[in-house]
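Asker: File name model-v2.cif; file contents mmCIF, N, CA and C atoms; full text below.
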```
data_coords
#
loop_
_atom_site.label_atom_id
_atom_site.label_comp_id
_atom_site.auth_asym_id
_atom_site.auth_seq_id
_atom_site.Cartn_x
_atom_site.Cartn_y
_atom_site.Cartn_z
N MET A 1 -38.14 141.00 232.65
CA MET A 1 -37.47 141.43 231.43
C MET A 1 -38.25 142.58 230.81
N ILE A 2 -37.52 143.53 230.27
CA ILE A 2 -38.07 144.66 229.55
C ILE A 2 -37.63 144.54 228.10
N ARG A 3 -38.56 144.64 227.18
CA ARG A 3 -38.24 144.56 225.75
C ARG A 3 -38.59 145.88 225.08
N ARG A 4 -37.62 146.44 224.38
CA ARG A 4 -37.84 147.68 223.63
C ARG A 4 -37.81 147.32 222.15
N VAL A 5 -38.84 147.72 221.43
CA VAL A 5 -38.94 147.48 219.99
C VAL A 5 -38.90 148.84 219.30
N VAL A 6 -37.96 148.99 218.38
CA VAL A 6 -37.80 150.24 217.66
C VAL A 6 -37.95 149.96 216.17
N SER A 7 -38.94 150.60 215.56
CA SER A 7 -39.16 150.48 214.12
C SER A 7 -38.82 151.82 213.49
N VAL A 8 -38.03 151.79 212.44
CA VAL A 8 -37.62 153.05 211.81
C VAL A 8 -37.89 153.04 210.31
N LYS A 9 -38.04 154.25 209.82
CA LYS A 9 -38.11 154.48 208.38
C LYS A 9 -37.05 155.52 208.08
N PHE A 10 -36.23 155.24 207.10
CA PHE A 10 -35.19 156.20 206.73
C PHE A 10 -35.79 157.34 205.93
N LYS A 11 -35.25 158.52 206.16
CA LYS A 11 -35.68 159.70 205.41
C LYS A 11 -35.34 159.53 203.94
N GLU A 12 -36.13 160.16 203.10
CA GLU A 12 -35.84 160.16 201.67
C GLU A 12 -34.45 160.76 201.47
N GLY A 13 -33.67 160.15 200.62
CA GLY A 13 -32.32 160.64 200.36
C GLY A 13 -31.25 159.97 201.21
N THR A 14 -31.66 159.10 202.15
CA THR A 14 -30.67 158.37 202.94
C THR A 14 -29.94 157.40 202.03
N SER A 15 -28.63 157.46 202.06
CA SER A 15 -27.83 156.59 201.19
C SER A 15 -27.76 155.18 201.76
N THR A 16 -27.40 154.25 200.89
CA THR A 16 -27.19 152.87 201.33
C THR A 16 -26.11 152.81 202.40
N GLN A 17 -25.07 153.61 202.24
CA GLN A 17 -23.98 153.66 203.22
C GLN A 17 -24.48 154.16 204.57
N GLN A 18 -25.32 155.18 204.58
CA GLN A 18 -25.86 155.69 205.85
C GLN A 18 -26.76 154.65 206.51
N ALA A 19 -27.57 153.97 205.71
CA ALA A 19 -28.44 152.92 206.26
C ALA A 19 -27.60 151.81 206.87
N GLN A 20 -26.53 151.43 206.21
CA GLN A 20 -25.65 150.39 206.75
C GLN A 20 -24.95 150.88 208.01
N GLN A 21 -24.59 152.14 208.06
CA GLN A 21 -23.98 152.70 209.26
C GLN A 21 -24.96 152.63 210.44
N TYR A 22 -26.24 152.89 210.16
CA TYR A 22 -27.27 152.76 211.20
C TYR A 22 -27.29 151.32 211.73
N VAL A 23 -27.38 150.36 210.83
CA VAL A 23 -27.44 148.95 211.22
C VAL A 23 -26.20 148.57 212.02
N ASP A 24 -25.03 148.93 211.53
CA ASP A 24 -23.78 148.59 212.22
C ASP A 24 -23.72 149.23 213.61
N THR A 25 -24.18 150.46 213.71
CA THR A 25 -24.18 151.15 215.00
C THR A 25 -25.09 150.45 215.99
N VAL A 26 -26.31 150.15 215.56
CA VAL A 26 -27.27 149.47 216.45
C VAL A 26 -26.73 148.10 216.86
N ARG A 27 -26.23 147.34 215.91
CA ARG A 27 -25.73 146.01 216.24
C ARG A 27 -24.48 146.05 217.12
N GLY A 28 -23.80 147.19 217.15
CA GLY A 28 -22.61 147.34 217.99
C GLY A 28 -22.91 147.74 219.43
N PHE A 29 -24.15 148.12 219.72
CA PHE A 29 -24.48 148.56 221.07
C PHE A 29 -24.18 147.53 222.16
N PRO A 30 -24.49 146.24 221.97
CA PRO A 30 -24.22 145.30 223.07
C PRO A 30 -22.76 145.26 223.53
N GLY A 31 -21.83 145.49 222.64
CA GLY A 31 -20.43 145.51 223.01
C GLY A 31 -20.01 146.79 223.73
N ARG A 32 -20.85 147.80 223.66
CA ARG A 32 -20.52 149.09 224.25
C ARG A 32 -21.39 149.44 225.46
N VAL A 33 -22.55 148.80 225.56
CA VAL A 33 -23.50 149.11 226.62
C VAL A 33 -23.83 147.83 227.37
N PRO A 34 -23.20 147.59 228.51
CA PRO A 34 -23.32 146.30 229.19
C PRO A 34 -24.71 145.95 229.72
N VAL A 35 -25.62 146.91 229.86
CA VAL A 35 -26.96 146.59 230.38
C VAL A 35 -27.84 145.89 229.35
N ILE A 36 -27.42 145.86 228.09
CA ILE A 36 -28.19 145.16 227.06
C ILE A 36 -27.99 143.66 227.23
N LYS A 37 -29.10 142.95 227.38
CA LYS A 37 -29.03 141.49 227.53
C LYS A 37 -29.07 140.78 226.19
N ARG A 38 -29.82 141.34 225.24
CA ARG A 38 -29.92 140.74 223.91
C ARG A 38 -30.39 141.80 222.93
N LEU A 39 -29.89 141.75 221.72
CA LEU A 39 -30.30 142.69 220.68
C LEU A 39 -30.40 141.96 219.36
N SER A 40 -31.47 142.22 218.66
CA SER A 40 -31.67 141.70 217.31
C SER A 40 -32.09 142.87 216.44
N SER A 41 -31.51 142.99 215.26
CA SER A 41 -31.82 144.12 214.40
C SER A 41 -31.66 143.71 212.94
N GLY A 42 -32.58 144.20 212.11
CA GLY A 42 -32.48 143.91 210.69
C GLY A 42 -33.59 144.55 209.90
N PRO A 43 -33.63 144.28 208.62
CA PRO A 43 -34.66 144.86 207.76
C PRO A 43 -36.05 144.39 208.17
N HIS A 44 -37.01 145.26 208.04
CA HIS A 44 -38.39 144.90 208.29
C HIS A 44 -38.88 144.06 207.11
N ALA A 45 -39.56 142.99 207.40
CA ALA A 45 -40.12 142.14 206.35
C ALA A 45 -41.63 142.07 206.56
N SER A 46 -42.35 142.12 205.46
CA SER A 46 -43.80 142.02 205.56
C SER A 46 -44.30 140.92 204.64
N ASP A 47 -45.57 140.67 204.76
CA ASP A 47 -46.19 139.64 203.92
C ASP A 47 -46.72 140.22 202.62
N GLY A 48 -46.16 141.35 202.24
CA GLY A 48 -46.59 142.00 201.01
C GLY A 48 -47.43 143.23 201.24
N ASP A 49 -47.77 143.51 202.49
CA ASP A 49 -48.55 144.71 202.82
C ASP A 49 -47.61 145.90 202.88
N ASP A 50 -47.56 146.66 201.83
CA ASP A 50 -46.65 147.79 201.75
C ASP A 50 -47.15 149.01 202.50
N SER A 51 -48.28 148.92 203.20
CA SER A 51 -48.75 150.05 203.98
C SER A 51 -47.90 150.24 205.23
N VAL A 52 -47.14 149.22 205.60
CA VAL A 52 -46.21 149.33 206.72
C VAL A 52 -44.95 149.98 206.18
N ALA A 53 -44.65 151.16 206.69
CA ALA A 53 -43.60 151.96 206.07
C ALA A 53 -42.23 151.80 206.72
N PHE A 54 -42.09 150.89 207.67
CA PHE A 54 -40.81 150.76 208.34
C PHE A 54 -39.80 150.01 207.49
N SER A 55 -38.54 150.44 207.58
CA SER A 55 -37.51 149.75 206.82
C SER A 55 -36.66 148.83 207.69
N HIS A 56 -36.50 149.18 208.96
CA HIS A 56 -35.70 148.36 209.88
C HIS A 56 -36.36 148.29 211.25
N VAL A 57 -36.12 147.17 211.93
CA VAL A 57 -36.67 146.96 213.27
C VAL A 57 -35.56 146.42 214.16
N SER A 58 -35.53 146.93 215.40
CA SER A 58 -34.60 146.43 216.40
C SER A 58 -35.39 146.03 217.64
N VAL A 59 -34.98 144.92 218.25
CA VAL A 59 -35.57 144.45 219.49
C VAL A 59 -34.43 144.35 220.50
N VAL A 60 -34.58 145.05 221.62
CA VAL A 60 -33.51 145.10 222.62
C VAL A 60 -34.10 144.68 223.96
N ASP A 61 -33.45 143.72 224.62
CA ASP A 61 -33.91 143.22 225.92
C ASP A 61 -33.02 143.72 227.04
N PHE A 62 -33.68 144.07 228.15
CA PHE A 62 -33.01 144.55 229.36
C PHE A 62 -33.59 143.79 230.56
N GLU A 63 -32.84 143.72 231.63
CA GLU A 63 -33.35 143.08 232.85
C GLU A 63 -34.40 143.94 233.52
N THR A 64 -34.16 145.25 233.59
CA THR A 64 -35.04 146.15 234.35
C THR A 64 -35.30 147.44 233.57
N MET A 65 -36.30 148.16 234.01
CA MET A 65 -36.59 149.45 233.42
C MET A 65 -35.43 150.42 233.67
N GLU A 66 -34.76 150.27 234.79
CA GLU A 66 -33.58 151.10 235.08
C GLU A 66 -32.47 150.84 234.07
N ASP A 67 -32.33 149.60 233.65
CA ASP A 67 -31.32 149.28 232.63
C ASP A 67 -31.68 149.94 231.30
N LEU A 68 -32.96 149.93 230.94
CA LEU A 68 -33.39 150.62 229.72
C LEU A 68 -33.08 152.11 229.81
N GLN A 69 -33.39 152.71 230.95
CA GLN A 69 -33.10 154.13 231.13
C GLN A 69 -31.60 154.41 231.06
N ALA A 70 -30.80 153.50 231.61
CA ALA A 70 -29.34 153.65 231.55
C ALA A 70 -28.86 153.60 230.10
N PHE A 71 -29.44 152.70 229.31
CA PHE A 71 -29.09 152.62 227.89
C PHE A 71 -29.42 153.92 227.17
N LEU A 72 -30.62 154.44 227.41
CA LEU A 72 -31.05 155.66 226.73
C LEU A 72 -30.15 156.85 227.07
N LYS A 73 -29.55 156.82 228.26
CA LYS A 73 -28.67 157.91 228.70
C LYS A 73 -27.20 157.63 228.41
N HIS A 74 -26.89 156.42 227.98
CA HIS A 74 -25.50 156.02 227.77
C HIS A 74 -24.88 156.86 226.65
N PRO A 75 -23.62 157.28 226.81
CA PRO A 75 -22.96 158.10 225.78
C PRO A 75 -22.97 157.47 224.38
N ALA A 76 -22.86 156.16 224.28
CA ALA A 76 -22.87 155.51 222.96
C ALA A 76 -24.22 155.73 222.27
N HIS A 77 -25.30 155.60 223.01
CA HIS A 77 -26.63 155.79 222.44
C HIS A 77 -26.87 157.26 222.14
N ARG A 78 -26.53 158.12 223.05
CA ARG A 78 -26.79 159.56 222.85
C ARG A 78 -25.98 160.11 221.67
N THR A 79 -24.74 159.68 221.55
CA THR A 79 -23.91 160.12 220.43
C THR A 79 -24.49 159.65 219.11
N ALA A 80 -24.89 158.37 219.05
CA ALA A 80 -25.48 157.83 217.82
C ALA A 80 -26.77 158.57 217.47
N ALA A 81 -27.60 158.84 218.47
CA ALA A 81 -28.86 159.54 218.22
C ALA A 81 -28.59 160.94 217.68
N ASP A 82 -27.66 161.64 218.30
CA ASP A 82 -27.37 163.03 217.91
C ASP A 82 -26.66 163.13 216.57
N ARG A 83 -25.71 162.24 216.32
CA ARG A 83 -24.86 162.38 215.14
C ARG A 83 -25.32 161.60 213.92
N LEU A 84 -26.17 160.60 214.12
CA LEU A 84 -26.59 159.78 212.98
C LEU A 84 -28.10 159.59 212.90
N PHE A 85 -28.70 159.05 213.95
CA PHE A 85 -30.09 158.66 213.87
C PHE A 85 -31.01 159.83 213.51
N ARG A 86 -30.84 160.95 214.17
CA ARG A 86 -31.73 162.09 213.90
C ARG A 86 -31.53 162.66 212.49
N GLN A 87 -30.41 162.35 211.89
CA GLN A 87 -30.15 162.84 210.53
C GLN A 87 -30.84 162.01 209.45
N ILE A 88 -31.03 160.71 209.73
CA ILE A 88 -31.50 159.84 208.66
C ILE A 88 -32.82 159.11 208.96
N VAL A 89 -33.30 159.18 210.20
CA VAL A 89 -34.51 158.46 210.58
C VAL A 89 -35.67 159.44 210.73
N GLU A 90 -36.81 159.08 210.14
CA GLU A 90 -38.00 159.93 210.27
C GLU A 90 -38.57 159.83 211.66
#
```
Before we go any further, please render this structure as structure tokens.
Answerer:
Amino acid sequence: MIRRVVSVKFKEGTSTQQAQQYVDTVRGFPGRVPVIKRLSSGPHASDGDDSVAFSHVSVVDFETMEDLQAFLKHPAHRTAADRLFRQIVE
């Protein structure tokens, strides 16, 4: 199993609507990209240590490294990265 962990911080000025669009897009990947075995995504929570600047974390499981590479090249992921993620994620 291959596990990819993605921690993000939204750029200053990112609206609540844009942040929710990010979450909805990420959570929608399993229905669009069949190589994903499991995905969990949500707000980053800490024990009060605010030095951790991430706002959201996603954990995505794949069977093989080839499956991870296929996900990264998949049109659903590339479109989301180009049209949304790069606009609002630091």
Asker: Can you list, as a PyMOL selection string, all residues belonging to chain A that DSSP tags as strand (DSSP E or B)?
Answerer: chain A and resi 2-8+10+36-43+56-62+89
Asker: Any chance you can output those residues with N, CA and C atoms as a PDB file, in the frame of the given file?
Answerer:
```pdb
ATOM      1  N   ILE A   2     -37.520 143.530 230.270  1.00  0.00           N
ATOM      2  CA  ILE A   2     -38.070 144.660 229.550  1.00  0.00           C
ATOM      3  C   ILE A   2     -37.630 144.540 228.100  1.00  0.00           C
ATOM      4  N   ARG A   3     -38.560 144.640 227.180  1.00  0.00           N
ATOM      5  CA  ARG A   3     -38.240 144.560 225.750  1.00  0.00           C
ATOM      6  C   ARG A   3     -38.590 145.880 225.080  1.00  0.00           C
ATOM      7  N   ARG A   4     -37.620 146.440 224.380  1.00  0.00           N
ATOM      8  CA  ARG A   4     -37.840 147.680 223.630  1.00  0.00           C
ATOM      9  C   ARG A   4     -37.810 147.320 222.150  1.00  0.00           C
ATOM     10  N   VAL A   5     -38.840 147.720 221.430  1.00  0.00           N
ATOM     11  CA  VAL A   5     -38.940 147.480 219.990  1.00  0.00           C
ATOM     12  C   VAL A   5     -38.900 148.840 219.300  1.00  0.00           C
ATOM     13  N   VAL A   6     -37.960 148.990 218.380  1.00  0.00           N
ATOM     14  CA  VAL A   6     -37.800 150.240 217.660  1.00  0.00           C
ATOM     15  C   VAL A   6     -37.950 149.960 216.170  1.00  0.00           C
ATOM     16  N   SER A   7     -38.940 150.600 215.560  1.00  0.00           N
ATOM     17  CA  SER A   7     -39.160 150.480 214.120  1.00  0.00           C
ATOM     18  C   SER A   7     -38.820 151.820 213.490  1.00  0.00           C
ATOM     19  N   VAL A   8     -38.030 151.790 212.440  1.00  0.00           N
ATOM     20  CA  VAL A   8     -37.620 153.050 211.810  1.00  0.00           C
ATOM     21  C   VAL A   8     -37.890 153.040 210.310  1.00  0.00           C
ATOM     22  N   PHE A  10     -36.230 155.240 207.100  1.00  0.00           N
ATOM     23  CA  PHE A  10     -35.190 156.200 206.730  1.00  0.00           C
ATOM     24  C   PHE A  10     -35.790 157.340 205.930  1.00  0.00           C
ATOM     25  N   ILE A  36     -27.420 145.860 228.090  1.00  0.00           N
ATOM     26  CA  ILE A  36     -28.190 145.160 227.060  1.00  0.00           C
ATOM     27  C   ILE A  36     -27.990 143.660 227.230  1.00  0.00           C
ATOM     28  N   LYS A  37     -29.100 142.950 227.380  1.00  0.00           N
ATOM     29  CA  LYS A  37     -29.030 141.490 227.530  1.00  0.00           C
ATOM     30  C   LYS A  37     -29.070 140.780 226.190  1.00  0.00           C
ATOM     31  N   ARG A  38     -29.820 141.340 225.240  1.00  0.00           N
ATOM     32  CA  ARG A  38     -29.920 140.740 223.910  1.00  0.00           C
ATOM     33  C   ARG A  38     -30.390 141.800 222.930  1.00  0.00           C
ATOM     34  N   LEU A  39     -29.890 141.750 221.720  1.00  0.00           N
ATOM     35  CA  LEU A  39     -30.300 142.690 220.680  1.00  0.00           C
ATOM     36  C   LEU A  39     -30.400 141.960 219.360  1.00  0.00           C
ATOM     37  N   SER A  40     -31.470 142.220 218.660  1.00  0.00           N
ATOM     38  CA  SER A  40     -31.670 141.700 217.310  1.00  0.00           C
ATOM     39  C   SER A  40     -32.090 142.870 216.440  1.00  0.00           C
ATOM     40  N   SER A  41     -31.510 142.990 215.260  1.00  0.00           N
ATOM     41  CA  SER A  41     -31.820 144.120 214.400  1.00  0.00           C
ATOM     42  C   SER A  41     -31.660 143.710 212.940  1.00  0.00           C
ATOM     43  N   GLY A  42     -32.580 144.200 212.110  1.00  0.00           N
ATOM     44  CA  GLY A  42     -32.480 143.910 210.690  1.00  0.00           C
ATOM     45  C   GLY A  42     -33.590 144.550 209.900  1.00  0.00           C
ATOM     46  N   PRO A  43     -33.630 144.280 208.620  1.00  0.00           N
ATOM     47  CA  PRO A  43     -34.660 144.860 207.760  1.00  0.00           C
ATOM     48  C   PRO A  43     -36.050 144.390 208.170  1.00  0.00           C
ATOM     49  N   HIS A  56     -36.500 149.180 208.960  1.00  0.00           N
ATOM     50  CA  HIS A  56     -35.700 148.360 209.880  1.00  0.00           C
ATOM     51  C   HIS A  56     -36.360 148.290 211.250  1.00  0.00           C
ATOM     52  N   VAL A  57     -36.120 147.170 211.930  1.00  0.00           N
ATOM     53  CA  VAL A  57     -36.670 146.960 213.270  1.00  0.00           C
ATOM     54  C   VAL A  57     -35.560 146.420 214.160  1.00  0.00           C
ATOM     55  N   SER A  58     -35.530 146.930 215.400  1.00  0.00           N
ATOM     56  CA  SER A  58     -34.600 146.430 216.400  1.00  0.00           C
ATOM     57  C   SER A  58     -35.390 146.030 217.640  1.00  0.00           C
ATOM     58  N   VAL A  59     -34.980 144.920 218.250  1.00  0.00           N
ATOM     59  CA  VAL A  59     -35.570 144.450 219.490  1.00  0.00           C
ATOM     60  C   VAL A  59     -34.430 144.350 220.500  1.00  0.00           C
ATOM     61  N   VAL A  60     -34.580 145.050 221.620  1.00  0.00           N
ATOM     62  CA  VAL A  60     -33.510 145.100 222.620  1.00  0.00           C
ATOM     63  C   VAL A  60     -34.100 144.680 223.960  1.00  0.00           C
ATOM     64  N   ASP A  61     -33.450 143.720 224.620  1.00  0.00           N
ATOM     65  CA  ASP A  61     -33.910 143.220 225.920  1.00  0.00           C
ATOM     66  C   ASP A  61     -33.020 143.720 227.040  1.00  0.00           C
ATOM     67  N   PHE A  62     -33.680 144.070 228.150  1.00  0.00           N
ATOM     68  CA  PHE A  62     -33.010 144.550 229.360  1.00  0.00           C
ATOM     69  C   PHE A  62     -33.590 143.790 230.560  1.00  0.00           C
ATOM     70  N   VAL A  89     -33.300 159.180 210.200  1.00  0.00           N
ATOM     71  CA  VAL A  89     -34.510 158.460 210.580  1.00  0.00           C
ATOM     72  C   VAL A  89     -35.670 159.440 210.730  1.00  0.00           C
TER      73      VAL A  89
END
```
Asker: Provide the atom C of Ala53 of chain A to atom C of Arg32 of chain A distance in Å, to one decimal place.
Answerer: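 Between atom C of Ala53 of chain A and atom C of Arg32 of chain A the gap works out to 28.1 Å.
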Asker: Out of chain A, which residues get alpha helix (DSSP H) from DSSP, as a ChimeraX atom specification?
Answerer: /A:16-32,65-73,75-80,86-88
Asker: Would you mind listing what lies within 12 Å of Ala81 of chain A as number ranges by chain, with only C-alpha atoms counted and same-chain residues fewer than 5 positions away left out?
Answerer: A: 22, 25-26, 71-76, 86-89
Asker: Give me the result of the PyMOL selection byres (((chain A and resi 35-49 and name CA) around 10) and name CA) on this file, residue by residue, as a compact mmCIF listing (two decimals) with N, CA and C atoms, keeping the file's coordinate frame.
Answerer:
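Writing the result to expr.txt gives the following:
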```
# COMPACT_ATOMS: atom_id res chain seq x y z
N MET A 1 -38.14 141.00 232.65
CA MET A 1 -37.47 141.43 231.43
C MET A 1 -38.25 142.58 230.81
N ILE A 2 -37.52 143.53 230.27
CA ILE A 2 -38.07 144.66 229.55
C ILE A 2 -37.63 144.54 228.10
N ARG A 3 -38.56 144.64 227.18
CA ARG A 3 -38.24 144.56 225.75
C ARG A 3 -38.59 145.88 225.08
N ARG A 4 -37.62 146.44 224.38
CA ARG A 4 -37.84 147.68 223.63
C ARG A 4 -37.81 147.32 222.15
N VAL A 5 -38.84 147.72 221.43
CA VAL A 5 -38.94 147.48 219.99
C VAL A 5 -38.90 148.84 219.30
N VAL A 6 -37.96 148.99 218.38
CA VAL A 6 -37.80 150.24 217.66
C VAL A 6 -37.95 149.96 216.17
N SER A 7 -38.94 150.60 215.56
CA SER A 7 -39.16 150.48 214.12
C SER A 7 -38.82 151.82 213.49
N VAL A 8 -38.03 151.79 212.44
CA VAL A 8 -37.62 153.05 211.81
C VAL A 8 -37.89 153.04 210.31
N LYS A 9 -38.04 154.25 209.82
CA LYS A 9 -38.11 154.48 208.38
C LYS A 9 -37.05 155.52 208.08
N VAL A 23 -27.38 150.36 210.83
CA VAL A 23 -27.44 148.95 211.22
C VAL A 23 -26.20 148.57 212.02
N ASP A 24 -25.03 148.93 211.53
CA ASP A 24 -23.78 148.59 212.22
C ASP A 24 -23.72 149.23 213.61
N VAL A 26 -26.31 150.15 215.56
CA VAL A 26 -27.27 149.47 216.45
C VAL A 26 -26.73 148.10 216.86
N ARG A 27 -26.23 147.34 215.91
CA ARG A 27 -25.73 146.01 216.24
C ARG A 27 -24.48 146.05 217.12
N GLY A 28 -23.80 147.19 217.15
CA GLY A 28 -22.61 147.34 217.99
C GLY A 28 -22.91 147.74 219.43
N PHE A 29 -24.15 148.12 219.72
CA PHE A 29 -24.48 148.56 221.07
C PHE A 29 -24.18 147.53 222.16
N PRO A 30 -24.49 146.24 221.97
CA PRO A 30 -24.22 145.30 223.07
C PRO A 30 -22.76 145.26 223.53
N GLY A 31 -21.83 145.49 222.64
CA GLY A 31 -20.43 145.51 223.01
C GLY A 31 -20.01 146.79 223.73
N ARG A 32 -20.85 147.80 223.66
CA ARG A 32 -20.52 149.09 224.25
C ARG A 32 -21.39 149.44 225.46
N VAL A 33 -22.55 148.80 225.56
CA VAL A 33 -23.50 149.11 226.62
C VAL A 33 -23.83 147.83 227.37
N PRO A 34 -23.20 147.59 228.51
CA PRO A 34 -23.32 146.30 229.19
C PRO A 34 -24.71 145.95 229.72
N ASP A 50 -47.56 146.66 201.83
CA ASP A 50 -46.65 147.79 201.75
C ASP A 50 -47.15 149.01 202.50
N SER A 51 -48.28 148.92 203.20
CA SER A 51 -48.75 150.05 203.98
C SER A 51 -47.90 150.24 205.23
N VAL A 52 -47.14 149.22 205.60
CA VAL A 52 -46.21 149.33 206.72
C VAL A 52 -44.95 149.98 206.18
N ALA A 53 -44.65 151.16 206.69
CA ALA A 53 -43.60 151.96 206.07
C ALA A 53 -42.23 151.80 206.72
N PHE A 54 -42.09 150.89 207.67
CA PHE A 54 -40.81 150.76 208.34
C PHE A 54 -39.80 150.01 207.49
N SER A 55 -38.54 150.44 207.58
CA SER A 55 -37.51 149.75 206.82
C SER A 55 -36.66 148.83 207.69
N HIS A 56 -36.50 149.18 208.96
CA HIS A 56 -35.70 148.36 209.88
C HIS A 56 -36.36 148.29 211.25
N VAL A 57 -36.12 147.17 211.93
CA VAL A 57 -36.67 146.96 213.27
C VAL A 57 -35.56 146.42 214.16
N SER A 58 -35.53 146.93 215.40
CA SER A 58 -34.60 146.43 216.40
C SER A 58 -35.39 146.03 217.64
N VAL A 59 -34.98 144.92 218.25
CA VAL A 59 -35.57 144.45 219.49
C VAL A 59 -34.43 144.35 220.50
N VAL A 60 -34.58 145.05 221.62
CA VAL A 60 -33.51 145.10 222.62
C VAL A 60 -34.10 144.68 223.96
N ASP A 61 -33.45 143.72 224.62
CA ASP A 61 -33.91 143.22 225.92
C ASP A 61 -33.02 143.72 227.04
N PHE A 62 -33.68 144.07 228.15
CA PHE A 62 -33.01 144.55 229.36
C PHE A 62 -33.59 143.79 230.56
N GLU A 63 -32.84 143.72 231.63
CA GLU A 63 -33.35 143.08 232.85
C GLU A 63 -34.40 143.94 233.52
N THR A 64 -34.16 145.25 233.59
CA THR A 64 -35.04 146.15 234.35
C THR A 64 -35.30 147.44 233.57
N GLU A 66 -34.76 150.27 234.79
CA GLU A 66 -33.58 151.10 235.08
C GLU A 66 -32.47 150.84 234.07
N ASP A 67 -32.33 149.60 233.65
CA ASP A 67 -31.32 149.28 232.63
C ASP A 67 -31.68 149.94 231.30
N LEU A 68 -32.96 149.93 230.94
CA LEU A 68 -33.39 150.62 229.72
C LEU A 68 -33.08 152.11 229.81
N GLN A 69 -33.39 152.71 230.95
CA GLN A 69 -33.10 154.13 231.13
C GLN A 69 -31.60 154.41 231.06
N ALA A 70 -30.80 153.50 231.61
CA ALA A 70 -29.34 153.65 231.55
C ALA A 70 -28.86 153.60 230.10
N PHE A 71 -29.44 152.70 229.31
CA PHE A 71 -29.09 152.62 227.89
C PHE A 71 -29.42 153.92 227.17
N HIS A 74 -26.89 156.42 227.98
CA HIS A 74 -25.50 156.02 227.77
C HIS A 74 -24.88 156.86 226.65
```
Asker: Using Å and a single decimal, report how far atom CA of Lys11 of chain A sits from atom CA of His77 of chain A.
Answerer: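 Interatomic distance, atom CA of His77 of chain A to atom CA of Lys11 of chain A: 19.7 Å.
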Asker: What's the separation between atom N of Arg83 of chain A and atom C of Thr16 of chain A, in Å to one decimal place?
Answerer: 16.8 Å
